[in-house]
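Containing mmCIF, C-alpha atoms: input_28.cif.
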data_final
#
loop_
_atom_site.label_atom_id
_atom_site.label_comp_id
_atom_site.auth_asym_id
_atom_site.auth_seq_id
_atom_site.Cartn_x
_atom_site.Cartn_y
_atom_site.Cartn_z
CA MET D 1 -11.93 -36.68 10.55
CA ARG D 2 -9.58 -39.66 10.37
CA SER D 3 -5.88 -40.12 11.14
CA CYS D 4 -3.38 -41.41 8.66
CA ARG D 5 -2.05 -44.88 9.55
CA CYS D 6 1.60 -44.19 8.83
CA CYS D 7 1.91 -40.85 10.56
CA PRO D 8 -0.31 -39.48 13.34
CA VAL D 9 0.31 -35.85 12.45
CA PHE D 10 -1.39 -36.22 9.07
CA PHE D 11 -5.15 -36.40 8.97
CA GLU D 12 -7.98 -35.57 6.68
CA THR D 13 -11.03 -33.43 7.32
CA HIS D 14 -13.65 -32.43 4.76
CA GLY D 15 -11.53 -33.95 2.02
CA GLU D 16 -8.57 -31.73 2.96
CA THR D 17 -5.22 -33.16 4.07
CA TRP D 18 -3.78 -31.41 7.10
CA ASN D 19 -0.35 -31.72 8.64
CA LEU D 20 1.64 -29.87 11.25
CA LYS D 21 3.10 -27.54 8.63
CA LYS D 22 -0.42 -26.26 8.14
CA ILE D 23 -1.93 -26.70 11.59
CA LEU D 24 0.79 -24.97 13.61
CA PRO D 25 0.81 -21.64 11.68
CA VAL D 26 -3.01 -21.54 11.64
CA ALA D 27 -3.15 -22.25 15.37
CA PHE D 28 -0.42 -19.64 15.97
CA ALA D 29 -2.38 -17.01 14.01
CA SER D 30 -5.58 -17.85 15.93
CA LEU D 31 -3.81 -17.68 19.28
CA VAL D 32 -2.10 -14.35 18.60
CA GLY D 33 -5.27 -12.95 17.03
CA LEU D 34 -7.47 -13.98 19.94
CA PHE D 35 -5.01 -12.43 22.38
CA SER D 36 -4.92 -9.10 20.51
CA LEU D 37 -8.74 -9.14 20.33
CA VAL D 38 -9.25 -9.99 24.00
CA GLN D 39 -6.75 -7.42 25.29
CA TYR D 40 -8.85 -4.66 23.65
CA PHE D 41 -11.71 -5.48 26.02
CA VAL D 42 -9.57 -6.21 29.10
CA PRO D 43 -7.84 -3.00 30.22
CA HIS D 44 -5.23 -4.67 32.42
CA PRO D 45 -1.71 -3.14 32.46
CA SER D 46 0.03 -6.51 32.07
CA LEU D 47 -2.00 -7.34 28.94
CA ALA D 48 -1.33 -3.87 27.57
CA GLY D 49 2.41 -4.42 28.14
CA ILE D 50 2.39 -7.76 26.29
CA PHE D 51 0.35 -6.16 23.50
CA ARG D 52 2.89 -3.34 23.11
CA GLU D 53 5.72 -5.88 22.97
CA LEU D 54 3.94 -8.01 20.35
CA ASN D 55 3.21 -4.88 18.36
CA ARG D 56 6.95 -4.10 18.36
CA TRP D 57 7.72 -7.58 17.02
CA GLY D 58 5.90 -6.69 13.83
CA VAL D 59 8.72 -4.27 12.99
CA PHE D 60 11.24 -7.14 13.10
CA ILE D 61 9.15 -9.22 10.73
CA PHE D 62 8.81 -6.21 8.44
CA ALA D 63 12.61 -5.85 8.41
CA GLY D 64 12.94 -9.58 7.67
CA ALA D 65 10.49 -9.20 4.80
CA LEU D 66 12.53 -6.29 3.39
CA VAL D 67 15.74 -8.33 3.49
CA MET D 68 13.99 -11.39 2.05
CA GLY D 69 12.53 -9.31 -0.79
CA THR D 70 15.92 -7.79 -1.57
CA ILE D 71 17.64 -11.20 -1.59
CA SER D 72 14.91 -12.52 -3.88
CA LEU D 73 15.43 -9.54 -6.21
CA VAL D 74 19.20 -10.11 -6.27
CA ARG D 75 18.72 -13.81 -7.00
CA HIS D 76 16.33 -13.07 -9.85
CA HIS D 77 18.67 -10.59 -11.52
CA LEU D 78 21.76 -12.73 -10.90
CA GLN D 79 20.06 -15.58 -12.74
CA LYS D 80 19.26 -13.26 -15.64
CA VAL D 81 22.86 -12.05 -15.84
CA ALA D 82 24.30 -15.58 -15.51
CA SER D 83 22.11 -16.99 -18.25
CA LYS D 84 22.64 -13.90 -20.47
CA ASP D 85 18.89 -13.57 -20.63
CA LYS D 86 17.16 -10.98 -22.83
CA ASN D 87 17.83 -7.48 -21.41
CA TRP D 88 20.46 -8.83 -19.01
CA PRO D 89 22.52 -5.61 -19.05
CA TYR D 90 19.61 -3.88 -17.30
CA SER D 91 19.71 -6.55 -14.60
CA LEU D 92 23.38 -5.67 -14.18
CA VAL D 93 22.37 -2.02 -13.70
CA THR D 94 19.94 -3.11 -10.95
CA LEU D 95 22.55 -5.25 -9.20
CA VAL D 96 25.34 -2.64 -9.37
CA SER D 97 23.05 0.17 -8.18
CA LEU D 98 21.64 -2.01 -5.38
CA PHE D 99 25.03 -3.05 -4.01
CA ALA D 100 26.51 0.42 -4.49
CA THR D 101 23.62 2.12 -2.68
CA ALA D 102 23.54 -0.45 0.13
CA GLY D 103 27.33 -0.36 0.50
CA ILE D 104 27.52 3.44 0.55
CA GLY D 105 24.57 3.63 2.96
CA LEU D 106 26.01 1.08 5.39
CA VAL D 107 29.37 2.91 5.40
CA THR D 108 28.26 6.56 5.48
CA GLY D 109 24.88 6.29 7.24
CA MET D 110 21.59 7.79 6.15
CA GLU D 111 21.93 11.30 7.57
CA ARG D 112 21.71 14.52 5.60
CA GLY D 113 24.91 15.54 3.85
CA THR D 114 26.07 11.97 3.25
CA LEU D 115 26.61 10.50 -0.21
CA PHE D 116 23.76 8.08 0.49
CA ASN D 117 21.39 10.98 1.11
CA ASP D 118 22.58 12.65 -2.13
CA ILE D 119 21.75 9.43 -4.03
CA PHE D 120 18.34 9.30 -2.38
CA VAL D 121 17.53 12.94 -3.15
CA ASN D 122 19.00 13.13 -6.66
CA VAL D 123 18.40 9.65 -8.05
CA LEU D 124 15.51 7.96 -6.26
CA MET D 125 13.27 10.97 -5.61
CA PRO D 126 13.32 12.49 -9.13
CA THR D 127 12.91 9.10 -10.82
CA GLU D 128 9.94 8.16 -8.64
CA ALA D 129 8.33 11.60 -8.92
CA THR D 130 8.70 11.54 -12.72
CA MET D 131 7.23 8.02 -12.91
CA PHE D 132 4.17 9.17 -10.98
CA SER D 133 3.90 12.36 -13.04
CA LEU D 134 3.86 10.20 -16.19
CA LEU D 135 0.56 8.85 -14.93
CA ALA D 136 -0.96 12.26 -15.70
CA PHE D 137 -0.60 11.51 -19.43
CA PHE D 138 -1.88 7.95 -19.14
CA ILE D 139 -4.84 9.03 -17.00
CA ALA D 140 -5.62 11.73 -19.58
CA SER D 141 -5.59 9.23 -22.45
CA ALA D 142 -7.62 6.72 -20.40
CA SER D 143 -10.20 9.37 -19.56
CA PHE D 144 -10.71 10.13 -23.26
CA ARG D 145 -11.78 6.51 -23.71
CA ALA D 146 -13.71 6.13 -20.47
CA PHE D 147 -15.48 9.48 -20.33
CA ARG D 148 -17.96 9.04 -23.12
CA ALA D 149 -21.35 10.29 -21.96
CA ARG D 150 -23.10 7.11 -23.11
CA ASN D 151 -25.58 6.95 -20.24
CA LEU D 152 -26.58 8.86 -17.12
CA GLU D 153 -23.98 7.22 -14.86
CA ALA D 154 -21.11 7.96 -17.27
CA THR D 155 -22.35 11.54 -17.68
CA VAL D 156 -22.36 12.08 -13.89
CA LEU D 157 -18.81 10.65 -13.70
CA LEU D 158 -17.66 12.91 -16.53
CA LEU D 159 -19.27 16.06 -15.15
CA THR D 160 -18.02 15.66 -11.58
CA ALA D 161 -14.48 14.85 -12.77
CA VAL D 162 -14.39 17.88 -15.11
CA ILE D 163 -15.83 20.22 -12.44
CA VAL D 164 -13.34 19.03 -9.79
CA MET D 165 -10.42 19.36 -12.23
CA LEU D 166 -11.47 22.85 -13.36
CA GLY D 167 -12.22 23.90 -9.80
CA ARG D 168 -8.63 23.17 -8.80
CA VAL D 169 -6.94 25.37 -11.44
CA PRO D 170 -7.09 29.14 -12.06
CA ILE D 171 -8.77 28.72 -15.46
CA GLY D 172 -11.82 27.25 -13.70
CA ARG D 173 -12.29 30.45 -11.70
CA LEU D 174 -11.82 32.50 -14.87
CA LEU D 175 -14.55 30.50 -16.65
CA TRP D 176 -16.97 30.81 -13.74
CA SER D 177 -16.22 32.26 -10.32
CA GLY D 178 -18.40 29.64 -8.61
CA MET D 179 -16.41 26.70 -10.03
CA PRO D 180 -14.06 26.18 -7.03
CA GLY D 181 -17.05 26.29 -4.66
CA VAL D 182 -18.94 23.65 -6.67
CA ALA D 183 -15.79 21.50 -6.86
CA ASN D 184 -15.36 21.72 -3.09
CA TRP D 185 -19.06 20.95 -2.56
CA LEU D 186 -18.73 17.83 -4.71
CA LEU D 187 -15.63 16.74 -2.81
CA ASP D 188 -17.21 17.48 0.60
CA TYR D 189 -20.61 15.87 0.06
CA ALA D 190 -20.98 13.64 -3.04
CA ASN D 191 -17.48 12.22 -2.64
CA THR D 192 -17.91 11.76 1.11
CA ALA D 193 -21.27 9.98 0.67
CA ALA D 194 -19.77 7.53 -1.85
CA LYS D 195 -16.62 7.01 0.18
CA ARG D 196 -18.59 6.53 3.39
CA ALA D 197 -20.75 3.80 1.85
CA ILE D 198 -17.67 2.05 0.48
CA MET D 199 -15.87 2.46 3.80
CA ILE D 200 -18.74 0.88 5.74
CA GLY D 201 -18.79 -2.05 3.27
CA VAL D 202 -15.02 -2.44 3.42
CA GLY D 203 -15.06 -2.22 7.22
CA LEU D 204 -17.61 -5.00 7.50
CA GLY D 205 -15.58 -7.03 4.96
CA ILE D 206 -12.34 -6.58 6.93
CA ALA D 207 -14.06 -7.57 10.18
CA ALA D 208 -15.57 -10.68 8.54
CA THR D 209 -12.20 -11.68 7.03
CA ALA D 210 -10.46 -11.10 10.37
CA ILE D 211 -12.97 -13.39 12.11
CA LYS D 212 -12.32 -16.02 9.41
CA VAL D 213 -8.56 -15.70 10.11
CA LEU D 214 -9.13 -16.22 13.83
CA PHE D 215 -11.16 -19.36 13.14
CA GLY D 216 -8.61 -20.68 10.64
CA LYS D 217 -11.02 -20.45 7.72
CA GLU D 218 -8.98 -17.82 5.86
CA ARG D 219 -5.54 -19.25 5.09
CA SER D 220 -4.51 -17.60 1.83
CA TYR D 221 -1.56 -15.95 3.65
CA MET D 222 0.07 -19.39 3.86
CA GLY D 223 0.64 -19.53 0.11
CA ASP D 224 -0.48 -22.07 -2.50
CA ASP D 225 -0.52 -24.97 -0.08
CA GLY D 226 -2.64 -23.11 2.48
CA MET Y 227 30.39 21.64 -8.29
CA ALA Y 228 28.87 18.54 -6.69
CA ASP Y 229 25.47 20.24 -6.72
CA VAL Y 230 25.76 20.85 -10.46
CA ILE Y 231 26.68 17.20 -11.12
CA TRP Y 232 23.77 15.93 -9.00
CA THR Y 233 21.35 18.32 -10.73
CA TRP Y 234 22.53 17.01 -14.11
CA ILE Y 235 22.08 13.41 -12.96
CA ALA Y 236 18.56 14.15 -11.68
CA ALA Y 237 17.68 16.03 -14.89
CA LEU Y 238 18.98 13.29 -17.18
CA LEU Y 239 17.12 10.62 -15.20
CA THR Y 240 13.95 12.75 -15.40
CA LEU Y 241 14.35 12.94 -19.19
CA CYS Y 242 15.03 9.19 -19.36
CA VAL Y 243 11.72 8.50 -17.61
CA PHE Y 244 9.86 11.07 -19.73
CA SER Y 245 11.17 9.31 -22.86
CA PHE Y 246 8.62 6.57 -22.12
CA MET Y 247 5.96 8.92 -23.49
CA TYR Y 248 7.38 8.19 -26.95
CA LYS Y 249 7.67 4.43 -26.41
CA ASP Y 250 9.44 1.86 -24.24
CA ASN Y 251 13.14 2.42 -24.94
CA PRO Y 252 16.60 1.62 -23.50
CA LEU Y 253 16.88 4.98 -21.69
CA TYR Y 254 13.63 4.38 -19.83
CA LYS Y 255 14.61 0.78 -19.08
CA PHE Y 256 17.94 2.00 -17.67
CA ALA Y 257 16.23 4.54 -15.39
CA GLU Y 258 13.63 1.97 -14.33
CA HIS Y 259 16.21 -0.67 -13.38
CA LEU Y 260 18.40 1.92 -11.68
CA MET Y 261 15.43 2.98 -9.57
CA VAL Y 262 14.69 -0.62 -8.58
CA GLY Y 263 18.33 -1.17 -7.58
CA VAL Y 264 18.61 2.04 -5.59
CA THR Y 265 15.29 1.28 -3.87
CA GLY Y 266 16.59 -2.18 -2.91
CA GLY Y 267 19.78 -0.66 -1.49
CA TYR Y 268 17.75 1.98 0.35
CA LEU Y 269 15.51 -0.70 1.93
CA ILE Y 270 18.54 -2.69 3.10
CA CYS Y 271 19.93 0.42 4.81
CA LEU Y 272 16.51 1.20 6.27
CA ALA Y 273 16.24 -2.31 7.75
CA TRP Y 274 19.77 -2.06 9.15
CA PHE Y 275 19.66 1.45 10.62
CA GLU Y 276 16.04 1.45 11.82
CA VAL Y 277 15.60 -2.10 13.13
CA ILE Y 278 18.55 -4.51 13.06
CA ARG Y 279 21.26 -2.25 14.49
CA PRO Y 280 19.29 -0.34 17.17
CA GLN Y 281 17.01 -3.19 18.24
CA VAL Y 282 19.19 -6.28 17.77
CA VAL Y 283 22.91 -5.57 17.46
CA ASN Y 284 23.21 -2.71 19.98
CA PRO Y 285 21.23 -4.42 22.79
CA ILE Y 286 23.22 -7.66 22.33
CA MET Y 287 26.52 -5.78 22.44
CA LYS Y 288 25.41 -3.77 25.48
CA ASP Y 289 23.96 -6.53 27.69
CA PRO Y 290 23.54 -9.98 26.11
CA ALA Y 291 22.09 -11.57 29.28
CA ALA Y 292 19.36 -8.94 29.63
CA TRP Y 293 18.56 -9.21 25.94
CA PHE Y 294 18.16 -12.97 26.24
CA ALA Y 295 16.16 -12.79 29.48
CA GLY Y 296 13.80 -10.23 27.93
CA LEU Y 297 12.85 -12.81 25.27
CA GLN Y 298 14.10 -10.44 22.60
CA PHE Y 299 15.41 -13.39 20.62
CA ILE Y 300 11.85 -14.43 19.68
CA PRO Y 301 11.21 -11.58 17.20
CA VAL Y 302 14.74 -12.06 15.84
CA ILE Y 303 13.98 -15.74 15.22
CA MET Y 304 10.75 -14.72 13.48
CA MET Y 305 12.68 -12.19 11.40
CA LEU Y 306 15.11 -14.94 10.37
CA LEU Y 307 12.22 -17.31 9.65
CA MET Y 308 11.09 -14.86 6.95
CA LEU Y 309 14.32 -15.73 5.12
CA ALA Y 310 13.38 -19.43 5.21
CA ARG Y 311 11.08 -18.70 2.31
CA LEU Y 312 14.14 -18.57 0.06
CA GLY Y 313 14.72 -22.33 0.42
CA GLU Y 314 12.33 -24.80 -1.15
CA LYS Y 315 12.24 -27.23 1.78
CA THR Y 316 12.26 -24.58 4.48
CA ALA Y 317 9.70 -22.27 2.86
CA TRP Y 318 6.88 -23.45 5.14
CA LEU Y 319 8.72 -22.02 8.17
CA ALA Y 320 8.08 -18.52 6.83
CA ARG Y 321 4.39 -19.14 7.54
CA PHE Y 322 4.97 -18.50 11.25
CA PRO Y 323 5.98 -14.83 11.03
CA LEU Y 324 3.26 -14.29 8.42
CA ALA Y 325 0.73 -16.05 10.66
CA PHE Y 326 1.85 -13.80 13.51
CA ILE Y 327 1.37 -10.62 11.46
CA VAL Y 328 -1.94 -11.75 9.95
CA GLY Y 329 -3.35 -13.09 13.24
CA PHE Y 330 -2.22 -10.08 15.27
CA SER Y 331 -3.59 -7.61 12.70
CA ALA Y 332 -6.86 -9.56 12.48
CA GLY Y 333 -7.39 -9.43 16.24
CA VAL Y 334 -6.49 -5.74 16.44
CA GLN Y 335 -8.61 -4.80 13.46
CA ILE Y 336 -11.92 -6.37 14.47
CA PRO Y 337 -12.77 -3.81 17.19
CA GLN Y 338 -10.87 -0.93 15.57
CA VAL Y 339 -12.41 -1.30 12.11
CA ILE Y 340 -15.94 -1.79 13.46
CA ASP Y 341 -15.48 1.33 15.56
CA ALA Y 342 -13.76 3.61 13.03
CA GLU Y 343 -15.11 2.44 9.69
CA VAL Y 344 -18.59 1.31 10.59
CA LEU Y 345 -19.98 2.82 13.81
CA LYS Y 346 -18.26 6.23 13.52
CA GLN Y 347 -19.28 6.54 9.87
CA VAL Y 348 -22.89 5.68 10.65
CA GLN Y 349 -22.80 8.12 13.55
CA SER Y 350 -21.41 10.93 11.34
CA THR Y 351 -24.10 10.20 8.74
CA VAL Y 352 -27.07 10.35 11.09
CA GLN Y 353 -25.75 13.31 13.09
CA VAL Y 354 -25.64 15.88 10.27
CA GLY Y 355 -26.89 19.32 11.30
CA PHE Y 356 -29.08 20.38 8.34
CA ASP Y 357 -28.18 23.96 9.23
CA GLY Y 358 -26.38 26.78 7.43
CA GLY Y 359 -27.01 27.92 3.86
CA ILE Y 360 -28.97 26.13 1.17
CA ALA Y 361 -25.80 24.55 -0.26
CA GLN Y 362 -24.94 23.04 3.10
CA VAL Y 363 -28.46 21.74 3.74
CA ALA Y 364 -28.56 20.21 0.24
CA GLY Y 365 -25.12 18.73 0.87
CA ASP Y 366 -26.20 17.25 4.20
CA LEU Y 367 -29.28 15.77 2.56
CA LEU Y 368 -27.16 14.26 -0.20
CA LEU Y 369 -24.77 12.90 2.43
CA VAL Y 370 -27.52 11.07 4.32
CA VAL Y 371 -29.62 9.90 1.35
CA GLY Y 372 -26.56 9.23 -0.82
CA THR Y 373 -24.80 7.08 1.79
CA ILE Y 374 -27.95 5.01 2.44
CA CYS Y 375 -28.68 4.58 -1.30
CA ALA Y 376 -25.05 3.68 -2.09
CA LEU Y 377 -25.19 1.05 0.67
CA MET Y 378 -28.42 -0.23 -0.86
CA TYR Y 379 -26.55 -0.76 -4.12
CA PHE Y 380 -24.19 -3.16 -2.31
CA PHE Y 381 -27.12 -5.13 -0.91
CA PHE Y 382 -27.18 -8.20 -3.14
CA SER Y 383 -29.29 -10.54 -0.99
CA MET Y 384 -32.64 -9.44 -2.41
CA PRO Y 385 -33.93 -8.97 -5.98
CA ARG Y 386 -33.77 -5.35 -7.12
CA LYS Y 387 -37.45 -4.49 -7.23
CA ARG Y 388 -39.50 -1.46 -6.18
CA VAL Y 389 -37.77 0.54 -3.42
CA LEU Y 390 -34.47 -1.32 -3.66
CA LYS Y 391 -34.39 -0.75 -7.41
CA TRP Y 392 -34.82 3.02 -7.20
CA THR Y 393 -32.59 3.51 -4.19
CA SER Y 394 -29.78 1.41 -5.66
CA GLN Y 395 -30.05 3.30 -8.95
CA PHE Y 396 -29.64 6.59 -7.11
CA GLY Y 397 -26.82 4.93 -5.15
CA VAL Y 398 -24.99 4.21 -8.40
CA LEU Y 399 -25.26 7.89 -9.34
CA VAL Y 400 -23.82 8.90 -5.97
CA LEU Y 401 -20.98 6.40 -6.40
CA MET Y 402 -20.29 7.72 -9.91
CA ALA Y 403 -20.20 11.29 -8.61
CA GLY Y 404 -17.80 10.16 -5.89
CA PHE Y 405 -15.59 8.30 -8.35
CA GLY Y 406 -15.60 11.28 -10.72
CA ALA Y 407 -14.58 13.64 -7.90
CA SER Y 408 -11.83 11.25 -6.74
CA PHE Y 409 -10.64 10.83 -10.33
CA GLY Y 410 -10.48 14.59 -10.91
CA TYR Y 411 -8.62 15.05 -7.63
CA THR Y 412 -6.11 12.29 -8.55
CA VAL Y 413 -5.53 13.76 -12.01
CA MET Y 414 -4.78 17.16 -10.50
CA ALA Y 415 -2.36 15.58 -8.01
CA ARG Y 416 -0.49 13.92 -10.91
CA ILE Y 417 -0.52 17.17 -12.90
CA SER Y 418 0.94 18.91 -9.88
CA LEU Y 419 3.79 16.35 -9.81
CA LEU Y 420 4.31 16.89 -13.54
CA ILE Y 421 4.50 20.65 -13.02
CA GLY Y 422 7.07 20.01 -10.29
CA ARG Y 423 9.26 17.97 -12.63
CA VAL Y 424 8.97 20.48 -15.48
CA LEU Y 425 9.77 23.31 -13.04
CA PHE Y 426 12.85 21.40 -11.90
CA LEU Y 427 14.04 21.02 -15.49
CA MET Y 428 13.34 24.64 -16.47
CA ARG Y 429 14.48 26.34 -13.25
CA ASP Y 430 17.11 24.18 -11.53
CA TRP Y 431 18.68 22.57 -14.57
CA LEU Y 432 18.30 24.92 -17.54
CA HIS Y 433 17.87 28.16 -15.53
CA VAL Y 434 15.31 29.30 -18.13
CA ILE Y 435 12.93 30.63 -15.47
CA SER Y 436 13.71 32.09 -12.08
#

Reformat the file's structure so that it appears as structure tokens.
Amino acid sequence: MRSCRCCPVFFETHGETWNLKKILPVAFASLVGLFSLVQYFVPHPSLAGIFRELNRWGVFIFAGALVMGTISLVRHHLQKVASKDKNWPYSLVTLVSLFATAGIGLVTGMERGTLFNDIFVNVLMPTEATMFSLLAFFIASASFRAFRARNLEATVLLLTAVIVMLGRVPIGRLLWSGMPGVANWLLDYANTAAKRAIMIGVGLGIAATAIKVLFGKERSYMGDDG
Amino acid sequence: MADVIWTWIAALLTLCVFSFMYKDNPLYKFAEHLMVGVTGGYLICLAWFEVIRPQVVNPIMKDPAAWFAGLQFIPVIMMLLMLARLGEKTAWLARFPLAFIVGFSAGVQIPQVIDAEVLKQVQSTVQVGFDGGIAQVAGDLLLVVGTICALMYFFFSMPRKRVLKWTSQFGVLVLMAGFGASFGYTVMARISLLIGRVLFLMRDWLHVIS
């Protein structure tokens, strides 16, 4: 590790240039992380109080992220409208609907019976539900391509998927009365075994990544320059 | 009358989204962009009514000295630092709130995840009863053997020979069965949503069915 001659806050280690813009957030993350880890093992009321307070701060950052995301969205669409980009009228639709919804919501509130709630129930909910329901068609077409019983693994995938689907609809019971029972058995045991193995792997992965964050080895959250 | 207008709006938007099944078209694009805009507006209101007004504005208006003494300005500063990302030169400041969230979550998750996703899962796997009917005993056996074999499949530190080869091959079959079951379950959930939308169109909008 060596310091830079012109500025003491810049130094190099393992071929990587560090400065305070990098060091301070990493140190901050380590400090907060170590505190939240230690307080789990130290059941003292004062630590629990600080932990609760820090936990509450997360909500503020979440709100800041929401506002930041919305401003970024507005900026993106404003640029498209200003430069008369391709499909700019749709950007105008986004901007008008965003400001109208936000304006109405801030004036009327979010309670039931308000115009804002009507917009939520009759515009946002049906559009989102229909978008997700569209996935039924795309999943069906994807399964036609994916579910070719080319080998044993693909055949097992195909069979379990078909049995679970048939077991969940009345026609499955009409075809064979035991179909719902087999579908439930597959969901309760085969599915649980697979999910459990994945969960254990994911759990160990999360713990390893969290330890890397605490030691400042994992810095991808800082963006490209991290 | 207002109900009728809202039902018509919801129905037309539903049809706009369904038009994507034919191909990408202006009606779908309109509905898509409208949804993005309304979601943005909704999130602004959510941030205002759930966080900013009750936890920042109201306490400041009520007792500014107590608010300041309680160090409540720190999360507000962190919230504002998130907005620093919008400027090119100030973008690095947004690393602090992100570092807070990431560091805090990392520290919280280490004991919680090891407890809930590793130890509890292992405990549930080795503590199966092997009692009840033949289906349950077979299921319990599959649960124990299947979980171990599926874990063996994720063990990449040794060459797949002999025991590891056979166990990992069985593990793949268990994983495939699990994926198939999850896939079938997801498809049915989407079909259920589709039925809901079609029911809305037929019952609430067109009044074709009761």

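Counting only C-alpha atoms, the residue from Y:Phe426, Y:Phe381, Y:Phe294, Y:Phe409 that sits nearest to chain D is Y:Phe409.
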
| Any idea what's packed within 10 Å of Ile163 (chain D), counting only C-alpha atoms, ignoring anything in its chain fewer than 5 positions away? Could you give it as an MDAnalysis selection string? | (chainID D and resid 158 168 172 179:184 186) or (chainID Y and resid 406:407 410)

| field | Long-range neighbours of Val277 (chain Y) as a list of chain:residue names, 10 Å cut-off, all atoms listed in the file, 2 positions minimum in chain | value | D:Val59, D:Phe60, D:Ile61, D:Phe62, D:Ala63, D:Gly64, Y:Cys271, Y:Leu272, Y:Ala273, Y:Trp274, Y:Phe275, Y:Arg279, Y:Pro280, Y:Gln281, Y:Val282, Y:Val283

Matched chain/residue IDs from the PyMOL selection byres ((chain Y and resi 252-258) around 8), as an mmCIF file with C-alpha atoms, in the frame of the given file:
data_model
loop_
_atom_site.group_PDB
_atom_site.id
_atom_site.type_symbol
_atom_site.label_atom_id
_atom_site.label_comp_id
_atom_site.auth_asym_id
_atom_site.auth_seq_id
_atom_site.Cartn_x
_atom_site.Cartn_y
_atom_site.Cartn_z
ATOM 1 C CA TYR D 90 19.610 -3.880 -17.300
ATOM 2 C CA VAL D 93 22.370 -2.020 -13.700
ATOM 3 C CA THR D 127 12.910 9.100 -10.820
ATOM 4 C CA LEU Y 239 17.120 10.620 -15.200
ATOM 5 C CA CYS Y 242 15.030 9.190 -19.360
ATOM 6 C CA VAL Y 243 11.720 8.500 -17.610
ATOM 7 C CA PHE Y 244 9.860 11.070 -19.730
ATOM 8 C CA SER Y 245 11.170 9.310 -22.860
ATOM 9 C CA PHE Y 246 8.620 6.570 -22.120
ATOM 10 C CA ASP Y 250 9.440 1.860 -24.240
ATOM 11 C CA ASN Y 251 13.140 2.420 -24.940
ATOM 12 C CA HIS Y 259 16.210 -0.670 -13.380
ATOM 13 C CA LEU Y 260 18.400 1.920 -11.680
ATOM 14 C CA MET Y 261 15.430 2.980 -9.570
ATOM 15 C CA VAL Y 262 14.690 -0.620 -8.580
#

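For the set D:Phe41, D:Trp57, D:Phe138, D:Phe215, the residue with the smallest atom-to-atom gap to chain Y is D:Trp57, counting only C-alpha atoms.
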
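The coordinates place CA of Ile327 (chain Y) at 22.5 Å from CA of Trp293 (chain Y).
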